[in-house]
$ cat start_4.tsv   # TSV, C-alpha atoms
chain	number	residue	atom	x	y	z
V	1163	MET	CA	-32.96	26.28	12.02
V	1164	ALA	CA	-36.13	27.92	10.63
V	1165	GLN	CA	-35.74	26.19	7.28
V	1166	ARG	CA	-35.03	22.85	8.96
V	1167	ALA	CA	-38.12	23.32	11.12
V	1168	ILE	CA	-40.21	23.93	8.00
V	1169	ALA	CA	-38.72	20.79	6.46
V	1170	GLY	CA	-39.97	18.82	9.45
V	1171	ASP	CA	-36.74	18.26	11.38
V	1172	PRO	CA	-38.04	17.40	14.88
V	1173	VAL	CA	-35.00	18.84	16.68
V	1174	ALA	CA	-35.25	22.12	14.77
V	1175	ARG	CA	-38.96	22.24	15.51
V	1176	ARG	CA	-38.28	21.82	19.24
V	1177	GLN	CA	-35.70	24.61	19.07
V	1178	PHE	CA	-38.11	26.81	17.14
V	1179	ALA	CA	-40.92	26.17	19.63
V	1180	GLN	CA	-38.51	27.00	22.46
V	1181	ARG	CA	-37.53	30.29	20.81
V	1182	MET	CA	-41.19	31.13	20.28
V	1183	GLN	CA	-41.69	31.34	24.04
V	1184	CYS	CA	-41.02	35.01	23.36
V	1185	VAL	CA	-44.49	35.30	21.81
V	1186	PRO	CA	-46.54	34.93	25.02
V	1187	GLY	CA	-44.00	37.21	26.72
V	1188	ILE	CA	-44.19	39.97	24.13
V	1189	LEU	CA	-47.97	39.78	24.04
V	1190	ALA	CA	-48.22	39.87	27.82
V	1191	ALA	CA	-45.94	42.91	27.97
V	1192	ARG	CA	-47.86	44.81	25.33
V	1193	ASN	CA	-51.23	43.69	26.61
V	1194	SER	CA	-50.42	45.07	30.05
V	1195	ARG	CA	-50.36	48.51	28.46
V	1196	LEU	CA	-53.89	48.24	27.09
V	1197	MET	CA	-56.65	49.72	29.19
V	1198	PRO	CA	-58.33	47.45	29.94
V	1199	PRO	CA	-56.01	44.61	28.96
V	1200	LEU	CA	-57.38	41.64	27.09
V	1201	GLY	CA	-58.49	38.83	29.39
V	1202	ARG	CA	-56.54	35.62	29.87
V	1203	GLU	CA	-58.63	33.69	27.37
V	1204	GLU	CA	-58.55	36.45	24.79
V	1205	ILE	CA	-54.79	36.72	25.06
V	1206	ASP	CA	-54.47	32.93	24.75
V	1207	ASP	CA	-56.36	33.23	21.47
V	1208	VAL	CA	-53.99	35.97	20.32
V	1209	VAL	CA	-50.98	33.81	21.25
V	1210	GLN	CA	-52.37	31.04	19.12
V	1211	ASP	CA	-53.22	33.32	16.19
V	1212	THR	CA	-49.76	34.88	16.36
V	1213	LEU	CA	-47.92	31.57	16.42
V	1214	VAL	CA	-49.97	30.31	13.49
V	1215	ALA	CA	-49.23	33.52	11.54
V	1216	ILE	CA	-45.51	33.23	12.33
V	1217	TRP	CA	-45.39	29.59	11.29
V	1218	ASN	CA	-47.27	30.29	8.06
V	1219	LYS	CA	-44.81	33.09	7.18
V	1220	LEU	CA	-41.66	31.43	8.44
V	1221	HIS	CA	-40.55	30.63	4.89
V	1222	ALA	CA	-40.08	34.38	4.41
V	1223	TYR	CA	-37.74	34.70	7.41
V	1224	ALA	CA	-34.35	35.42	5.90
V	1225	GLY	CA	-32.34	35.40	9.12
V	1226	GLN	CA	-31.16	39.03	9.04
V	1227	ALA	CA	-32.96	39.91	12.27
V	1228	THR	CA	-33.17	37.63	15.28
V	1229	LEU	CA	-36.14	35.32	15.28
V	1230	GLU	CA	-37.51	37.21	18.28
V	1231	SER	CA	-37.31	40.59	16.51
V	1232	TRP	CA	-38.94	39.06	13.49
V	1233	ALA	CA	-41.72	37.53	15.64
V	1234	TYR	CA	-42.29	40.85	17.40
V	1235	ARG	CA	-44.06	42.44	14.45
V	1236	PHE	CA	-46.54	39.55	14.29
V	1237	CYS	CA	-47.29	40.01	17.99
V	1238	VAL	CA	-47.93	43.72	17.50
V	1239	LEU	CA	-50.22	43.24	14.52
V	1240	GLU	CA	-52.22	40.38	16.02
V	1241	LEU	CA	-52.66	42.17	19.35
V	1242	MET	CA	-53.78	45.36	17.63
V	1243	ALA	CA	-56.24	43.38	15.52
V	1244	ALA	CA	-57.65	41.68	18.63
V	1245	ALA	CA	-57.95	44.98	20.46
V	1246	ARG	CA	-59.72	46.52	17.46
V	1247	ARG	CA	-62.10	43.57	17.30
V	1248	ARG	CA	-62.91	44.04	20.95
V	1249	ARG	CA	-63.53	47.75	20.47
V	1250	ARG	CA	-65.79	47.05	17.49
V	1251	SER	CA	-67.69	44.32	19.27
V	1252	SER	CA	-68.80	46.53	22.13
V	1253	THR	CA	-71.10	49.43	21.40
V	1254	GLU	CA	-70.74	50.51	24.98
V	1255	ASP	CA	-66.97	50.62	24.62
V	1256	GLN	CA	-67.31	52.72	21.49
V	1257	GLU	CA	-69.58	55.17	23.24
V	1258	THR	CA	-67.07	55.38	26.09
V	1259	LEU	CA	-64.29	55.98	23.60
V	1260	LEU	CA	-66.23	58.78	21.96
V	1261	ARG	CA	-66.92	60.33	25.33
V	1262	GLU	CA	-63.52	59.92	26.90
V	1263	GLY	CA	-61.16	59.58	23.98
V	1264	PRO	CA	-58.84	56.62	23.36
V	1265	ALA	CA	-58.25	54.50	26.44
V	1266	ILE	CA	-54.59	54.73	27.29
V	1267	GLN	CA	-52.35	54.18	30.24
V	1268	ASP	CA	-48.95	55.80	30.60
V	1269	ALA	CA	-48.25	55.59	26.89
V	1270	ASN	CA	-50.46	54.97	23.93
V	1271	PRO	CA	-50.05	51.31	23.00
V	1272	PHE	CA	-51.34	52.15	19.53
V	1273	ALA	CA	-48.85	54.97	19.00
V	1274	TYR	CA	-47.06	53.13	16.21
V	1275	GLU	CA	-50.01	51.15	14.88
V	1276	ASP	CA	-50.16	53.01	11.56
V	1277	LEU	CA	-46.43	52.68	11.18
V	1278	HIS	CA	-46.43	48.92	11.71
V	1279	LEU	CA	-49.30	48.55	9.25
V	1280	ALA	CA	-47.54	50.79	6.71
V	1281	LEU	CA	-44.37	48.69	6.99
V	1282	GLU	CA	-46.42	45.60	6.23
V	1283	ASP	CA	-47.63	47.22	3.01
V	1284	LEU	CA	-44.11	47.83	1.70
V	1285	SER	CA	-42.26	45.23	-0.32
V	1286	ALA	CA	-40.49	42.78	1.97
V	1287	GLY	CA	-37.04	44.02	0.93
V	1288	THR	CA	-37.85	47.69	1.52
V	1289	ALA	CA	-39.53	47.07	4.88
V	1290	GLU	CA	-36.53	44.98	5.93
V	1291	VAL	CA	-34.16	47.87	5.24
V	1292	LEU	CA	-36.30	50.27	7.28
V	1293	ARG	CA	-36.51	47.82	10.16
V	1294	MET	CA	-32.79	47.11	10.10
V	1295	LYS	CA	-32.08	50.83	10.10
V	1296	HIS	CA	-34.44	51.88	12.88
V	1297	PHE	CA	-35.22	48.74	14.87
V	1298	ASP	CA	-31.81	47.08	14.73
V	1299	GLN	CA	-29.94	50.42	14.55
V	1300	LEU	CA	-27.65	49.38	11.70
V	1301	THR	CA	-25.87	51.75	9.34
V	1302	PHE	CA	-26.45	51.63	5.58
V	1303	GLU	CA	-23.05	49.96	5.23
V	1304	GLU	CA	-23.91	47.28	7.79
V	1305	ILE	CA	-27.29	46.64	6.16
V	1306	GLY	CA	-25.57	46.41	2.77
V	1307	ASP	CA	-23.09	43.87	4.14
V	1308	ALA	CA	-25.88	41.80	5.67
V	1309	LEU	CA	-27.96	41.81	2.48
V	1310	GLY	CA	-25.05	41.54	0.07
V	1311	GLU	CA	-25.79	44.85	-1.62
V	1312	SER	CA	-24.05	48.19	-1.86
V	1313	ALA	CA	-24.70	50.86	0.73
V	1314	ASN	CA	-25.94	53.16	-2.05
V	1315	THR	CA	-28.54	50.64	-3.16
V	1316	ILE	CA	-29.69	50.24	0.43
V	1317	LYS	CA	-29.82	54.01	0.87
V	1318	SER	CA	-32.01	54.40	-2.23
V	1319	ARG	CA	-34.32	51.68	-1.03
V	1320	TYR	CA	-34.53	53.26	2.40
V	1321	TYR	CA	-35.54	56.69	1.08
V	1322	ARG	CA	-37.98	55.08	-1.33
V	1323	GLY	CA	-39.55	53.28	1.64
V	1324	LEU	CA	-39.84	56.51	3.61
V	1325	ALA	CA	-41.54	58.16	0.64
V	1326	GLN	CA	-43.96	55.27	0.30
V	1327	ILE	CA	-44.96	55.44	3.94
V	1328	ARG	CA	-45.39	59.20	3.69
V	1329	ALA	CA	-47.62	58.70	0.67
V	1330	SER	CA	-49.66	56.03	2.43
V	1331	PHE	CA	-50.20	58.38	5.38
V	1332	ASP	CA	-51.28	61.09	2.90
V	1333	ASP	CA	-53.80	58.66	1.39
V	1334	THR	CA	-55.12	57.75	4.83
V	1335	ALA	CA	-55.43	61.41	5.80
V	1336	GLY	CA	-57.19	62.10	2.50
V	1337	ASP	CA	-59.63	59.25	3.06
V	1338	ALA	CA	-60.40	60.46	6.57
V	1339	SER	CA	-61.11	64.07	5.57
T	1489	MET	CA	-42.03	64.72	-6.31
T	1490	SER	CA	-39.45	65.90	-8.82
T	1491	SER	CA	-36.17	64.01	-8.88
T	1492	ASP	CA	-34.29	67.23	-8.01
T	1493	ARG	CA	-36.42	67.75	-4.94
T	1494	GLU	CA	-36.11	64.07	-4.05
T	1495	SER	CA	-32.35	64.25	-4.33
T	1496	THR	CA	-32.21	67.40	-2.20
T	1497	LEU	CA	-34.48	65.79	0.39
T	1498	GLU	CA	-32.16	62.76	0.64
T	1499	ARG	CA	-29.13	65.00	1.07
T	1500	LEU	CA	-30.92	66.93	3.82
T	1501	LEU	CA	-32.10	63.79	5.61
T	1502	SER	CA	-28.68	62.13	5.41
T	1503	GLY	CA	-27.05	65.26	6.83
T	1504	GLU	CA	-25.01	65.79	3.69
T	1505	ILE	CA	-26.59	69.23	3.64
T	1506	ASP	CA	-26.99	70.74	7.09
T	1507	ALA	CA	-30.63	71.85	7.24
T	1508	ARG	CA	-29.71	74.53	9.78
T	1509	GLY	CA	-26.72	75.77	7.81
T	1510	PRO	CA	-26.94	78.57	5.27
T	1511	GLU	CA	-27.30	76.26	2.27
T	1512	GLY	CA	-29.98	74.08	3.88
T	1513	ALA	CA	-31.93	77.00	5.27
T	1514	ALA	CA	-31.92	78.69	1.86
T	1515	LEU	CA	-33.13	75.55	0.10
T	1516	LEU	CA	-35.97	75.03	2.56
T	1517	LYS	CA	-36.97	78.68	2.45
T	1518	ALA	CA	-37.04	78.67	-1.33
T	1519	ASP	CA	-39.19	75.57	-1.57
T	1520	PRO	CA	-42.03	75.37	1.01
T	1521	THR	CA	-43.14	71.98	-0.35
T	1522	LEU	CA	-39.65	70.60	0.20
T	1523	LYS	CA	-39.70	72.07	3.71
T	1524	GLU	CA	-43.03	70.40	4.49
T	1525	ILE	CA	-41.89	67.02	3.14
T	1526	TYR	CA	-38.58	67.31	4.99
T	1527	GLU	CA	-40.33	68.01	8.29
T	1528	ARG	CA	-42.76	65.13	7.80
T	1529	SER	CA	-39.85	62.84	6.93
T	1530	LEU	CA	-38.07	63.81	10.13
T	1531	ALA	CA	-41.25	63.07	12.10
T	1532	LEU	CA	-41.54	59.71	10.35
T	1533	GLN	CA	-37.94	58.83	11.15
T	1534	SER	CA	-38.57	59.81	14.74
T	1535	SER	CA	-41.62	57.51	14.88
T	1536	LEU	CA	-39.59	54.67	13.37
T	1537	ASN	CA	-36.96	55.21	16.05
T	1538	GLY	CA	-39.68	55.22	18.70
T	1539	ALA	CA	-41.16	51.98	17.42
T	1540	GLY	CA	-37.66	50.47	17.32
T	1541	GLU	CA	-36.97	51.58	20.88
T	1542	GLU	CA	-40.26	50.12	22.04
T	1543	GLN	CA	-39.39	46.79	20.41
T	1544	ARG	CA	-35.88	46.67	21.87
T	1545	GLN	CA	-37.15	47.45	25.37
T	1546	THR	CA	-39.84	44.78	25.19
T	1547	LEU	CA	-37.41	42.13	23.95
T	1548	GLN	CA	-34.77	43.05	26.52
T	1549	GLN	CA	-37.25	42.62	29.35
T	1550	LEU	CA	-38.27	39.12	28.29
T	1551	ALA	CA	-37.20	36.46	30.73
T	1552	SER	CA	-37.07	32.74	30.19
T	1553	ASP	CA	-40.51	31.42	31.04
T	1554	PRO	CA	-41.18	27.67	31.09
T	1555	ALA	CA	-44.95	28.23	31.05
T	1556	ALA	CA	-44.63	30.37	27.91
T	1557	ALA	CA	-42.41	27.74	26.34
T	1558	ARG	CA	-44.98	25.06	27.08
T	1559	GLN	CA	-47.77	27.21	25.65
T	1560	SER	CA	-45.85	27.85	22.42
T	1561	THR	CA	-44.92	24.21	22.09
T	1562	ARG	CA	-48.51	23.11	22.61
T	1563	VAL	CA	-49.87	25.44	19.93
T	1564	LEU	CA	-47.13	24.66	17.42
T	1565	ASP	CA	-47.47	20.92	17.98
T	1566	ARG	CA	-51.13	21.21	17.10
T	1567	VAL	CA	-50.27	23.23	13.98
T	1568	TRP	CA	-47.71	20.65	12.88
T	1569	GLN	CA	-50.04	17.77	13.50
T	1570	GLY	CA	-52.70	19.55	11.46
T	1571	GLY	CA	-50.34	19.76	8.48
T	1572	GLY	CA	-49.63	23.46	8.95
T	1573	SER	CA	-53.22	24.62	8.96
T	1574	ASP	CA	-54.79	26.59	11.80
T	1575	PRO	CA	-55.07	24.36	14.83
T	1576	PRO	CA	-58.46	23.83	16.35
T	1577	ARG	CA	-58.96	26.30	19.17
T	1578	VAL	CA	-58.96	24.83	22.61
T	1579	PRO	CA	-62.52	25.38	23.77
T	1580	ARG	CA	-62.52	27.99	26.52
T	1581	GLY	CA	-64.19	25.68	29.01
T	1582	LEU	CA	-61.43	23.17	28.45
T	1583	ARG	CA	-58.74	25.64	29.46
T	1584	LEU	CA	-59.75	25.38	33.08
T	1585	VAL	CA	-59.51	21.64	32.94
T	1586	PRO	CA	-55.68	21.45	33.18
T	1587	LEU	CA	-55.93	22.97	36.67
T	1588	ALA	CA	-58.45	20.40	37.74
T	1589	PHE	CA	-56.40	17.78	35.98
T	1590	ALA	CA	-53.25	18.87	37.79
T	1591	ALA	CA	-55.07	18.57	41.08
T	1592	ALA	CA	-56.30	15.12	40.11
T	1593	ALA	CA	-52.78	14.20	39.02
T	1594	ALA	CA	-51.40	15.31	42.38
T	1595	ILE	CA	-53.93	13.14	44.19
T	1596	LEU	CA	-53.08	10.27	41.88
T	1597	ALA	CA	-49.37	10.80	42.49
T	1598	ILE	CA	-49.89	10.43	46.23
T	1599	TRP	CA	-51.90	7.32	45.55
T	1600	ILE	CA	-49.21	5.93	43.29
T	1601	LEU	CA	-46.44	6.66	45.73
T	1602	LEU	CA	-48.10	4.83	48.60
T	1603	PRO	CA	-45.87	1.81	49.35
T	1604	GLU	CA	-48.41	-0.77	48.29
T	1605	GLN	CA	-48.94	1.05	45.02
T	1606	ALA	CA	-45.31	1.74	44.25
T	1607	SER	CA	-44.89	-0.68	41.39
T	1608	GLU	CA	-47.41	0.62	38.88
T	1609	PRO	CA	-50.89	2.04	39.11
T	1610	SER	CA	-53.63	0.25	37.34
T	1611	THR	CA	-55.64	2.36	34.96
T	1612	SER	CA	-58.68	0.63	36.39
T	1613	GLN	CA	-58.25	2.90	39.41
T	1614	TRP	CA	-59.87	5.58	37.29
T	1615	LEU	CA	-63.57	5.97	37.28
T	1616	GLY	CA	-64.98	6.11	33.80
T	1617	ASN	CA	-63.44	4.91	30.56
T	1618	VAL	CA	-59.82	3.96	30.29
T	1619	VAL	CA	-57.26	4.58	27.58
T	1620	GLU	CA	-55.28	1.37	27.27
T	1621	ILE	CA	-51.59	2.14	27.54
T	1622	ILE	CA	-49.30	0.04	25.36
T	1623	GLU	CA	-45.87	1.48	26.11
T	1624	PRO	CA	-43.86	2.48	28.06
T	1625	ARG	CA	-45.07	0.74	31.16
T	1626	GLY	CA	-43.25	-1.37	33.73
T	1627	THR	CA	-39.58	-1.90	33.01
T	1628	VAL	CA	-38.54	-0.85	29.53
T	1629	ASP	CA	-35.37	-0.41	27.46
T	1630	ASP	CA	-36.06	3.26	26.76
T	1631	PHE	CA	-38.74	5.91	26.57
T	1632	GLY	CA	-38.44	6.14	22.80
T	1633	THR	CA	-42.12	5.66	21.97
T	1634	PHE	CA	-45.31	6.35	23.84
T	1635	ALA	CA	-48.19	4.34	22.47
T	1636	TRP	CA	-51.78	3.57	23.39
T	1637	LYS	CA	-54.87	2.00	21.91
T	1638	PRO	CA	-57.27	4.37	20.17
T	1639	VAL	CA	-60.43	5.46	21.92
T	1640	ALA	CA	-63.35	4.57	19.70
T	1641	HIS	CA	-65.33	7.69	18.98
T	1642	GLN	CA	-67.34	9.03	16.08
T	1643	SER	CA	-65.43	12.32	15.82
T	1644	ALA	CA	-61.84	13.53	16.26
T	1645	VAL	CA	-60.17	12.70	19.55
T	1646	GLN	CA	-57.50	14.88	21.13
T	1647	TYR	CA	-55.01	13.05	23.33
T	1648	GLU	CA	-53.34	15.10	26.05
T	1649	LEU	CA	-50.18	13.44	27.24
T	1650	HIS	CA	-48.22	14.53	30.32
T	1651	VAL	CA	-44.98	13.04	31.58
T	1652	PHE	CA	-44.13	13.58	35.26
T	1653	ASP	CA	-41.23	12.98	37.54
T	1654	PRO	CA	-42.97	10.66	40.06
T	1655	THR	CA	-40.76	11.71	42.95
T	1656	THR	CA	-41.63	15.40	42.73
T	1657	ASP	CA	-44.76	15.31	40.57
T	1658	ARG	CA	-43.08	17.92	38.38
T	1659	GLU	CA	-44.30	17.86	34.79
T	1660	ILE	CA	-41.40	17.14	32.45
T	1661	VAL	CA	-43.06	17.12	29.06
T	1662	SER	CA	-46.54	17.59	27.69
T	1663	GLN	CA	-47.87	16.92	24.26
T	1664	VAL	CA	-51.22	17.28	22.53
T	1665	LEU	CA	-52.04	15.00	19.61
T	1666	VAL	CA	-55.14	14.61	17.51
T	1667	ASP	CA	-56.27	11.16	16.37
T	1668	GLN	CA	-52.82	9.70	16.89
T	1669	THR	CA	-51.97	6.73	19.02
T	1670	ALA	CA	-48.24	7.13	19.36
T	1671	TRP	CA	-45.76	9.86	20.13
T	1672	THR	CA	-42.00	9.91	19.78
T	1673	PRO	CA	-40.27	12.35	22.10
T	1674	THR	CA	-37.22	14.20	20.86
T	1675	PHE	CA	-33.77	13.26	22.08
T	1676	GLY	CA	-33.76	16.31	24.35
T	1677	GLN	CA	-37.10	15.35	25.85
T	1678	THR	CA	-36.01	11.79	26.61
T	1679	GLN	CA	-32.83	13.17	28.15
T	1680	SER	CA	-34.91	15.33	30.47
T	1681	MET	CA	-36.75	12.27	31.81
T	1682	GLY	CA	-35.33	10.45	34.80
T	1683	ALA	CA	-34.98	6.69	35.21
T	1684	THR	CA	-38.62	6.45	36.26
T	1685	ILE	CA	-41.51	8.40	34.86
T	1686	ARG	CA	-45.20	8.53	35.38
T	1687	TRP	CA	-47.22	9.53	32.40
T	1688	SER	CA	-50.87	10.16	31.91
T	1689	LEU	CA	-53.08	10.41	28.94
T	1690	ARG	CA	-56.49	11.96	28.56
T	1691	ALA	CA	-58.72	11.53	25.54
T	1692	VAL	CA	-61.02	14.45	24.79
T	1693	ASP	CA	-63.64	14.95	22.12
T	1694	LEU	CA	-62.04	17.66	20.01
T	1695	ARG	CA	-65.36	19.25	19.10
T	1696	THR	CA	-67.22	19.24	22.42
T	1697	ALA	CA	-64.25	19.06	24.87
T	1698	GLU	CA	-65.97	16.15	26.59
T	1699	VAL	CA	-63.46	13.97	28.44
T	1700	LEU	CA	-63.77	10.50	26.97
T	1701	ALA	CA	-61.20	8.47	28.88
T	1702	HIS	CA	-58.06	8.55	31.04
T	1703	GLY	CA	-54.97	6.40	31.19
T	1704	SER	CA	-51.84	6.39	33.29
T	1705	ALA	CA	-48.71	4.31	33.71
T	1706	VAL	CA	-45.38	4.25	35.49
T	1707	ALA	CA	-42.30	3.11	33.59
T	1708	THR	CA	-38.70	2.54	34.61
T	1709	GLN	CA	-35.78	2.43	32.24
T	1710	ARG	CA	-33.47	-0.59	32.64

$ encode --input "start_4.tsv" --output "structure tokens"
Amino acid sequence: MAQRAIAGDPVARRQFAQRMQCVPGILAARNSRLMPPLGREEIDDVVQDTLVAIWNKLHAYAGQATLESWAYRFCVLELMAAARRRRRSSTEDQETLLREGPAIQDANPFAYEDLHLALEDLSAGTAEVLRMKHFDQLTFEEIGDALGESANTIKSRYYRGLAQIRASFDDTAGDAS
Amino acid sequence: MSSDRESTLERLLSGEIDARGPEGAALLKADPTLKEIYERSLALQSSLNGAGEEQRQTLQQLASDPAAARQSTRVLDRVWQGGGSDPPRVPRGLRLVPLAFAAAAAILAIWILLPEQASEPSTSQWLGNVVEIIEPRGTVDDFGTFAWKPVAHQSAVQYELHVFDPTTDREIVSQVLVDQTAWTPTFGQTQSMGATIRWSLRAVDLRTAEVLAHGSAVATQR
């Protein structure tokens, strides 16, 4: 369906647009955890930016995860970017942050921000294995079956991915110190 | 990291070597660097599981939402009509207009449904400029094409098209087009329309959000 939508098939495009109703939903759910949440107009902008990003990257969607799972990461990244822009744009907010620490509600909505960004920096194949393992809860054998590769190859790629994320966190920590 | 250490780390993380068993404990005790990397890897796996859990919970809680579907469709339609490039943002002031427009549409619907108006409203009932509707209007074979005459304007014009069920005033389909004077609904969209529809069209200056003209028609399928 994704490939047919890219090719311009109007029925596939309708189906795709219908499936993408998850985007406003995901963003609304995650936005409700921000303190304060983005306003209606800001979140509308994020919805638009997210849908554009998804459409522009749809050619890379290989169909291993559901379209909604695949779209989720775009929602997370775009919302985090919008929240960061807001924080940067307000000196007052920054001063408040320095005084009171990060603004959080019951759970830190940015808890996995670094992780999502680090996954984006991995090669698409490696990130996919990590996501399938931890987000879709598949075994190495199941991932291998889905990708048409041996479980051992998948396992190697998985551990390589973990090492790369560890290294990227080391670099970040080094830069910060 | 040496390949030996890497291999040992993988065996520890996969559980092939029990980290709490005698062999695992000895390996970790003998190599503090391995121990540190192992512990950080466990923390990383735990974070990945947490992020996965957060994603699954969010997706499970999503309910079907017609308003969200309409919003996605509107944005994607604008992307597709722009050839895949970023769509022009809807100016913020314009976002309040649909509410006002819905109210106006409701008033118009009452007007249309008055017995003496039941056949078809004239677009001349609108104050201001009028978008001339070509089809469908009156009695038609199908709702296969929606067409209108272009509104002359020096810059890009956005046409906002809404199709309503005239008996309930429920919106069935909406579509936003830029500088186009026809729209072909999908098979599914035409199926969702009843025998009679009312549809309205509003032309807006894409840059300034100024409303340039309105049009409206009622059409019945033979």

$ atom_distance --input "start_4.tsv" --atom1 "atom CA of Gln1180 of chain V" --atom2 "atom CA of Thr1561 of chain T"
7.0 Å

$ closest_atom_pairs --input "start_4.tsv" --of "chain V" --to "chain T" --cutoff "8 Å" --atoms "only C-alpha atoms" --output "tab-separated table"
residue	atom	partner	partner_atom	distance
V:Pro1172	CA	T:Thr1674	CA	6.8
V:Val1173	CA	T:Thr1674	CA	6.6
V:Arg1176	CA	T:Thr1561	CA	7.6
V:Ala1179	CA	T:Thr1561	CA	5.1
V:Gln1180	CA	T:Ala1557	CA	5.6
V:Arg1181	CA	T:Ala1557	CA	7.8
V:Met1182	CA	T:Ser1560	CA	6.1
V:Gln1183	CA	T:Ala1557	CA	4.3
V:Cys1184	CA	T:Leu1550	CA	7.0
V:Val1185	CA	T:Ser1560	CA	7.6
V:Pro1186	CA	T:Ala1556	CA	5.7
V:Gly1187	CA	T:Leu1550	CA	6.2
V:Ile1188	CA	T:Thr1546	CA	6.6
V:Ala1191	CA	T:Thr1546	CA	7.0
V:Glu1203	CA	T:Arg1580	CA	7.0
V:Asp1207	CA	T:Arg1577	CA	7.8
V:Val1209	CA	T:Ser1560	CA	8.0
V:Gln1210	CA	T:Val1563	CA	6.2
V:Leu1213	CA	T:Leu1564	CA	7.0
V:Val1214	CA	T:Asp1574	CA	6.3
V:Trp1217	CA	T:Gly1572	CA	7.8
V:Asn1218	CA	T:Gly1572	CA	7.3
V:Glu1230	CA	T:Leu1547	CA	7.5
V:Ser1231	CA	T:Leu1547	CA	7.6
V:Tyr1234	CA	T:Gln1543	CA	7.3
V:Tyr1274	CA	T:Ala1539	CA	6.1
V:Leu1277	CA	T:Leu1536	CA	7.5
V:Arg1293	CA	T:Gly1540	CA	7.7
V:His1296	CA	T:Asn1537	CA	5.2
V:Phe1297	CA	T:Gly1540	CA	3.9
V:Asp1298	CA	T:Gly1540	CA	7.2
V:Tyr1321	CA	T:Glu1498	CA	7.0
V:Leu1324	CA	T:Ser1529	CA	7.1
V:Arg1328	CA	T:Ser1529	CA	7.4

$ atom_distance --input "start_4.tsv" --atom1 "atom CA of Ser1688 of chain T" --atom2 "atom CA of Phe1652 of chain T"
8.3 Å

$ residues_near_point --input "start_4.tsv" --point "(-52.3, 0.8, 24.0)" --cutoff "8 Å" --atoms "all atoms listed in the file" --output "count of residues only"
10

$ residues_around --input "start_4.tsv" --residues "segment 1239-1242 of chain V" --least-positions-apart "6" --cutoff "9 Å" --atoms "all atoms listed in the file" --output "JSON, numbers by chain"
{"V": [1189, 1192, 1193, 1205, 1208, 1209, 1211, 1212, 1215, 1271, 1272, 1275, 1278, 1279]}

$ closest_residue --input "start_4.tsv" --among "T:Glu1504, T:Asp1653, T:Glu1659, T:Asp1667" --to "Val1706 of chain T" --atoms "all atoms listed in the file"
T:Asp1653

$ atom_distance --input "start_4.tsv" --atom1 "atom CA of Ala1289 of chain V" --atom2 "atom CA of Gly1503 of chain T"
22.1 Å

$ residues_around --input "start_4.tsv" --residues "Val1692 of chain T" --least-positions-apart "6" --cutoff "10 Å" --atoms "only C-alpha atoms" --output "list in words"
Leu1582, Val1639, His1641, Ala1644, Val1645, Gln1646, Tyr1647, Glu1648, Val1666, Glu1698, Val1699, Leu1700, Ala1701 and His1702 of chain T

$ residues_around --input "start_4.tsv" --residues "Ser1312 of chain V" --least-positions-apart "6" --cutoff "10 Å" --atoms "only C-alpha atoms" --output "count of residues only"
5

$ residues_around --input "start_4.tsv" --residues "Thr1521 of chain T" --least-positions-apart "5" --cutoff "10 Å" --atoms "only C-alpha atoms" --output "list in words"
Met1489, Arg1493, Leu1516, Tyr1526 and Glu1527 of chain T

$ write_last_selection --input "start_4.tsv" --atoms "C-alpha atoms" --output "PDB file, in the frame of the given file"
ATOM      1  CA  MET T1489     -42.030  64.720  -6.310  1.00  0.00           C
ATOM      2  CA  ARG T1493     -36.420  67.750  -4.940  1.00  0.00           C
ATOM      3  CA  LEU T1516     -35.970  75.030   2.560  1.00  0.00           C
ATOM      4  CA  TYR T1526     -38.580  67.310   4.990  1.00  0.00           C
ATOM      5  CA  GLU T1527     -40.330  68.010   8.290  1.00  0.00           C
TER       6      GLU T1527
END

$ residues_around --input "start_4.tsv" --residues "Gly1225 of chain V" --least-positions-apart "2" --cutoff "12 Å" --atoms "all atoms listed in the file" --output "PDB file with C-alpha atoms, in the coordinates of the input"
ATOM      1  CA  MET V1163     -32.960  26.280  12.020  1.00  0.00           C
ATOM      2  CA  ALA V1164     -36.130  27.920  10.630  1.00  0.00           C
ATOM      3  CA  GLN V1165     -35.740  26.190   7.280  1.00  0.00           C
ATOM      4  CA  LEU V1220     -41.660  31.430   8.440  1.00  0.00           C
ATOM      5  CA  HIS V1221     -40.550  30.630   4.890  1.00  0.00           C
ATOM      6  CA  ALA V1222     -40.080  34.380   4.410  1.00  0.00           C
ATOM      7  CA  TYR V1223     -37.740  34.700   7.410  1.00  0.00           C
ATOM      8  CA  ALA V1227     -32.960  39.910  12.270  1.00  0.00           C
ATOM      9  CA  THR V1228     -33.170  37.630  15.280  1.00  0.00           C
ATOM     10  CA  LEU V1229     -36.140  35.320  15.280  1.00  0.00           C
ATOM     11  CA  GLU V1230     -37.510  37.210  18.280  1.00  0.00           C
ATOM     12  CA  SER V1231     -37.310  40.590  16.510  1.00  0.00           C
ATOM     13  CA  TRP V1232     -38.940  39.060  13.490  1.00  0.00           C
ATOM     14  CA  ALA V1233     -41.720  37.530  15.640  1.00  0.00           C
ATOM     15  CA  GLU V1290     -36.530  44.980   5.930  1.00  0.00           C
ATOM     16  CA  MET V1294     -32.790  47.110  10.100  1.00  0.00           C
ATOM     17  CA  ALA V1308     -25.880  41.800   5.670  1.00  0.00           C
ATOM     18  CA  LEU V1309     -27.960  41.810   2.480  1.00  0.00           C
TER      19      LEU V1309
END
